[in-house]
Amino acid sequence: MKLRKNIIIKGIVQGVGFRPFIHKLVSIYQLHGWVLNSDLGVEIDIEGKDTDLNKFIIDIPKKLPPLAKIEEMRIKDLPPAGYIGFSIKKSISKKENNFVLVSPDISICQDCLEELFNPKNRRFRYPFINCTNCGPRFTIIKDIPYDREKTTMDEFKMCPICQKEYENIEDRRYHAQPNACEICGPVVSFYKNKKKLQIKDPVKEAINRLKQGEIGAIKGLGGYHLACDATNDQAVSRLRRLKNREAKPFAIMSPDIEKIKQFCLIEPEEEELLTDRARPIVLLKKKKNYQVISTQVAPNNNYLGVMLPYTPLHYLLLEDHFLALIMTSGNFSEEPIISDNQEAFEKLDKVVDFFLAYNRNIYNRCDDSVIKFINNEPMFFRRSRGYVPYPVTLDFKIKEVMALGGELKNTISFSKENYVFPSQYFGDLKSLETLNFLKESIKKLEKIFRVNPKIIACDLHPDYLSTQYAEEIAQANNLELKKIQHHHAHIASCMAENNIHETVIGIAYDGTGYGDDDNIWGGEFLVCNFKKYTRMGHLQYYPLPGGDKAITEPWRMTYSYLYSIFGQKAKTLNIDFIKRRDYNKLLVIEKMIDKKINSPLTSSCGRLFDAISSLIGIEDEISYEGQAAMELESICLPKINNSYGFDIIEKEKGYIIEPKKMIIEVINDLEKGISKGLIATKFHNTVAQFTLKLCIKIKEKTKINKVAISGGVFQNKYLTEKVISLLESREFVVFSHKKVPPNDGGISLGQAVIAGS
Ligand SMILES: [Zn+2]
Ligand SMILES: [Zn+2]
């Protein structure tokens with residue numbers, strides 16, 4: 001019997017070789033009809049014998065091309081139309097607000113890599129080789145459906161040979177939108193002092209200069225990298241100086257796994273992630289003899305951020321020439337990554353000796369993603385290139401919301417149907433540049449996702465640029481504005497990615513978040529769902545003398561604890577911390593606290609880590625966010641279970657964790673000459689212990705045993721693993737982050753789900 005079916009497939013089905021795949025499948029079963037890309041996804045209209053047609057439908061999800069992902073398949077019966085043959089029809093736009101999922105950028109595939117290094121191939125050493133299964137996607141897409149004229153490849157007209165590949169269904173470049181070759185495609189150029197030099201082999205020139213210790217700006221997929229030889233101390237120190245980056249670790253790119261093994265330990269699951277086509281930076285444990293890499297790359301840190309090459313240009317650059325190159329985002333301290341050639345020449349010229357640029361434009365800037373394995377699961381520290389714009393899929397529908405996130409490590413999110421789309425990483429929303437990056441991205445992403453949200457979500461903090469901008473657009477466009485408490489958003493983001501709907505115990509440990517009592521929160525126990533939260537407990541409030549200044553100068557927080565606990569006697573404590581201090585500065589802090597001058601109260605867990613770090617002499621002042629805590633973690637010792645004392649006090653408004661006893665015991669240990677490593681470990685164990693104890697108390701009251709943990713402090717591997725194992729040993733079910741970062745990069749997801757539920 002002859003049947004006809006209309007099939008609409010949603011998911012990542014464009015730019016991944018889906019239509020040729022359907023074409024091939026059709027020819028196996030002798031079916032007739034057509035296929036096309038629309039803004040719904042892929043639409044197939046097909047008729048043939050019922051048995052063949054049914055087999056065809058069963059085969060689709062089974063035999064998918066490697067990059068395709070099906071979210072939904074809608075099948076409708078229609079009366080036969082008498083089709084003859086099979087055709088791929090021109091892409092169409094159905095309705096204004098339909099949308100398709102856009103593929104993230106994908107590293108060069110094995111087939112293209114072989115061609116790249118095959119002297120007989122016509123694309124031998126061509127830096128922009130790609131195919132249907134690999135190459136740039138999100139970073140070049142201007143609009144959907146994904147067709148060449150809607151990408152930044154629209155400026156390049158395919159030569160007859162490329163055109164033929166593009167049109168030949170048997171070819172692996174069939175409908176590969178960025179298809180190009182040396183004759184017709186983008187080219188690499190070498191620039192020095194903002195001038196293009198006529199050099200026959202720009203890549204070779206760059207390699208030679210990097211070998212001599214020069215610093216280069218190299219255009220990647222999502223923006224510029226600053227590069228130098230990671231084994232060259234002088235070059236790395238010079239880069240630090242010029243980029244004005246004192247100590248924050250640099251990421252490196254190494255040609256292959258074997259080379260990485262020379263300086264880092266790699267677990268099998270880490271190797272799998274390194275070689276994944278998303279090619280994230282993976283934080284790997286340094287080997288004892290890691291000194292083959294300059295110690296300046298990641299000082300005072302046990303981990304190194306490492307990635308493999310992901311574009312053909314990277315492969316040509318690294319080949320056998322380097323053990324590793326520093327490949328750090330081309331920007332200045334937390335400003336957005338630079339992607340435009342002119343802007344790069346203007347801004348980065350001071351920092352670099354040369355530019356290796358090319359003439360394909362980057363439309364959507366995108367930093368490298370960063371992942372660390374915690375509790376044997378990959379945890380995002382930054383979710384960007386290779387993952388964006390793939391959505392977090394919810395098992396329920398929510399309203400369309402635009403959520404503007406927080407301040408640090410900011411992202412925004414759009415929700416639509418049962419998806420939330422977290423944006424790429426913008427950086428810290430403290431400068432006009434970052435705000436402009438955010439504004440420009442809102443316009444671009446609204447178009448790609450086909451959203452037109454009537455609800456805007458933002459943080460409660462009145463001073464965040466994201467809050468102010470949300471107020472501005474809400475008022476200008478008469479939209480509903482929902483302000484979401486920071487830690488509620490943290491917990492909701494963890495719940496959303498784990499698809500938890502019921503009320504949980506949420507633990508949010510981070511640096512700073514505006515509380516609904518106007519204090520600065522950051523050590524919070526919320527019993528919450530997507531609708532509401534109750535603050536069941538928190539770390540004791542202590543003054544934060546100097547406000548933001550106390551964040552970059554942890555010693556201020558240390559002294560705040562000491563002065564609050566010991567009063568006037570704090571100044572006479574017989575410990576190095578006091579001896580290192582300027583007496584007058586301590587008096588100033590005391591005065592600030594006494595008179596409540598610029599000393600807001602905080603329950604921040606991040607600040608507690610800072611305070612201990614400075615107290616035991618790790619870092620009194622820091623040059624990047626989280627430095628004091630990170631270095632404190634890095635000296636922890638394995639197999640130590642000792643901890644310090646603490647109190648949990650029950651007050652009318654909830655429980656208070658009082659760390660006073662712990663601080664006194666740390667001082668006793670310091671006086672006894674106990675090692676910093678042991679003190680740091682006991683401190684971490686204490687935090688895990690009070691976390692468990694308060695959870696038990698809340699469970700007794702509420703009968704809730706599901707715990708969601710979030711906040712930047714949970715990037716601490718030692719603490720997170722300890723907390724999870726303690727909670728699980730007492731029959732709690734613990735949910736942590738796997739899809740978005742626990743830090744403020746995950747805030748916008750939580751805001752979107754709360755505002756849209
Ligand atoms: Zn390929
Ligand atoms: Zn060509």
# chains A, B, ... in the order shown; residues from 1 in each chain; ligands from 1
$ residues_around --residues "A:Lys350" --least-positions-apart "4" --cutoff "9 Å" --atoms "only C-alpha atoms" --output "MDAnalysis selection string"
chainID A and resid 242:243 346
$ residues_near_ligand --ligand "ligand 1" --cutoff "10 Å" --atoms "only C-alpha atoms and all ligand atoms" --output "list in words"
Ile106, Ser107, Ile108, Cys109, Gln110, Asp111, Cys112, Leu113, Glu114, Glu115, Leu116, Ile129, Asn130, Cys131, Thr132, Asn133, Cys134, Gly135, Arg172, Arg173, Ala176, Asn179 and Pro312 of chain A
$ closest_residue --among "A:Val188, A:Ile698, A:Cys181, A:Leu637" --to "ligand 2" --atoms "only C-alpha atoms and all ligand atoms"
A:Cys181
$ residues_around --residues "A:Lys286" --least-positions-apart "2" --cutoff "6 Å" --atoms "only C-alpha atoms" --output "list of chain:residue names"
A:Cys264, A:Tyr290, A:Asn302, A:Tyr303
$ residues_near_ligand --ligand "ligand 2" --cutoff "12 Å" --atoms "only C-alpha atoms and all ligand atoms" --output "number ranges by chain"
A: 122-123, 126, 128-130, 156-166, 173, 178-187
$ residues_around --residues "A:Leu460" --least-positions-apart "2" --cutoff "6 Å" --atoms "only C-alpha atoms" --output "CSV table (one decimal) with N, CA and C atoms, in the first residue's frame"
chain,number,residue,atom,x,y,z
A,483,LYS,N,12.9,40.7,39.6
A,483,LYS,CA,14.2,40.7,40.3
A,483,LYS,C,14.3,39.4,41.1
A,484,ILE,N,15.4,38.7,40.9
A,484,ILE,CA,15.6,37.4,41.5
A,484,ILE,C,16.7,37.4,42.5
A,485,GLN,N,16.5,36.9,43.7
A,485,GLN,CA,17.6,36.9,44.7
A,485,GLN,C,18.7,36.0,44.2
$ atom_distance --atom1 "atom CA of A:Leu226" --atom2 "atom CA of A:Val351"
8.6 Å
$ select_by_dssp --residues "stretch 130-364 of chain A" --states "alpha helix (DSSP H)" --output "ChimeraX atom specification"
/A:160-167,202-211,233-243,257-260,268-274,312-318,341-348
$ residues_around --residues "A:Val504" --least-positions-apart "3" --cutoff "9 Å" --atoms "only C-alpha atoms" --output "ChimeraX atom specification"
/A:491,495,500-501,526-529,704-708
$ write_last_selection --atoms "N, CA and C atoms" --output "CSV table (one decimal), in the first residue's frame"
chain,number,residue,atom,x,y,z
A,491,ILE,N,20.6,28.2,43.1
A,491,ILE,CA,20.0,26.9,43.4
A,491,ILE,C,19.1,26.5,42.3
A,495,MET,N,18.9,23.1,40.1
A,495,MET,CA,17.7,22.3,40.0
A,495,MET,C,17.2,22.1,38.6
A,500,ILE,N,14.8,19.0,38.6
A,500,ILE,CA,14.2,18.8,39.9
A,500,ILE,C,13.1,19.8,40.1
A,501,HIS,N,11.9,19.3,40.4
A,501,HIS,CA,10.8,20.3,40.6
A,501,HIS,C,10.4,20.5,42.0
A,526,LEU,N,19.0,27.6,51.7
A,526,LEU,CA,17.6,28.0,51.3
A,526,LEU,C,16.8,26.7,51.2
A,527,VAL,N,15.6,26.7,51.7
A,527,VAL,CA,14.6,25.7,51.3
A,527,VAL,C,13.8,26.3,50.2
A,528,CYS,N,13.9,25.7,49.0
A,528,CYS,CA,13.3,26.4,47.9
A,528,CYS,C,12.8,25.5,46.8
A,529,ASN,N,12.0,26.1,45.9
A,529,ASN,CA,11.6,25.6,44.6
A,529,ASN,C,11.7,26.7,43.6
A,704,ILE,N,13.0,17.1,54.2
A,704,ILE,CA,13.5,17.1,52.8
A,704,ILE,C,14.9,16.5,52.8
A,705,ASN,N,15.2,15.6,51.9
A,705,ASN,CA,16.5,15.0,51.9
A,705,ASN,C,17.3,15.2,50.5
A,706,LYS,N,16.6,16.1,49.7
A,706,LYS,CA,17.3,16.4,48.4
A,706,LYS,C,18.1,17.7,48.6
A,707,VAL,N,19.3,17.7,48.2
A,707,VAL,CA,20.2,18.9,48.4
A,707,VAL,C,20.8,19.3,47.1
A,708,ALA,N,20.6,20.6,46.7
A,708,ALA,CA,21.2,21.1,45.5
A,708,ALA,C,22.3,22.1,46.0
$ closest_residue --among "A:Pro391, A:Thr411, A:Asp353, A:Ile664" --to "A:Lys69" --atoms "only C-alpha atoms"
A:Pro391
$ closest_residue --among "A:Met402, A:Ile578, A:Ala357, A:Ile589" --to "A:Gln342" --atoms "only C-alpha atoms"
A:Ala357
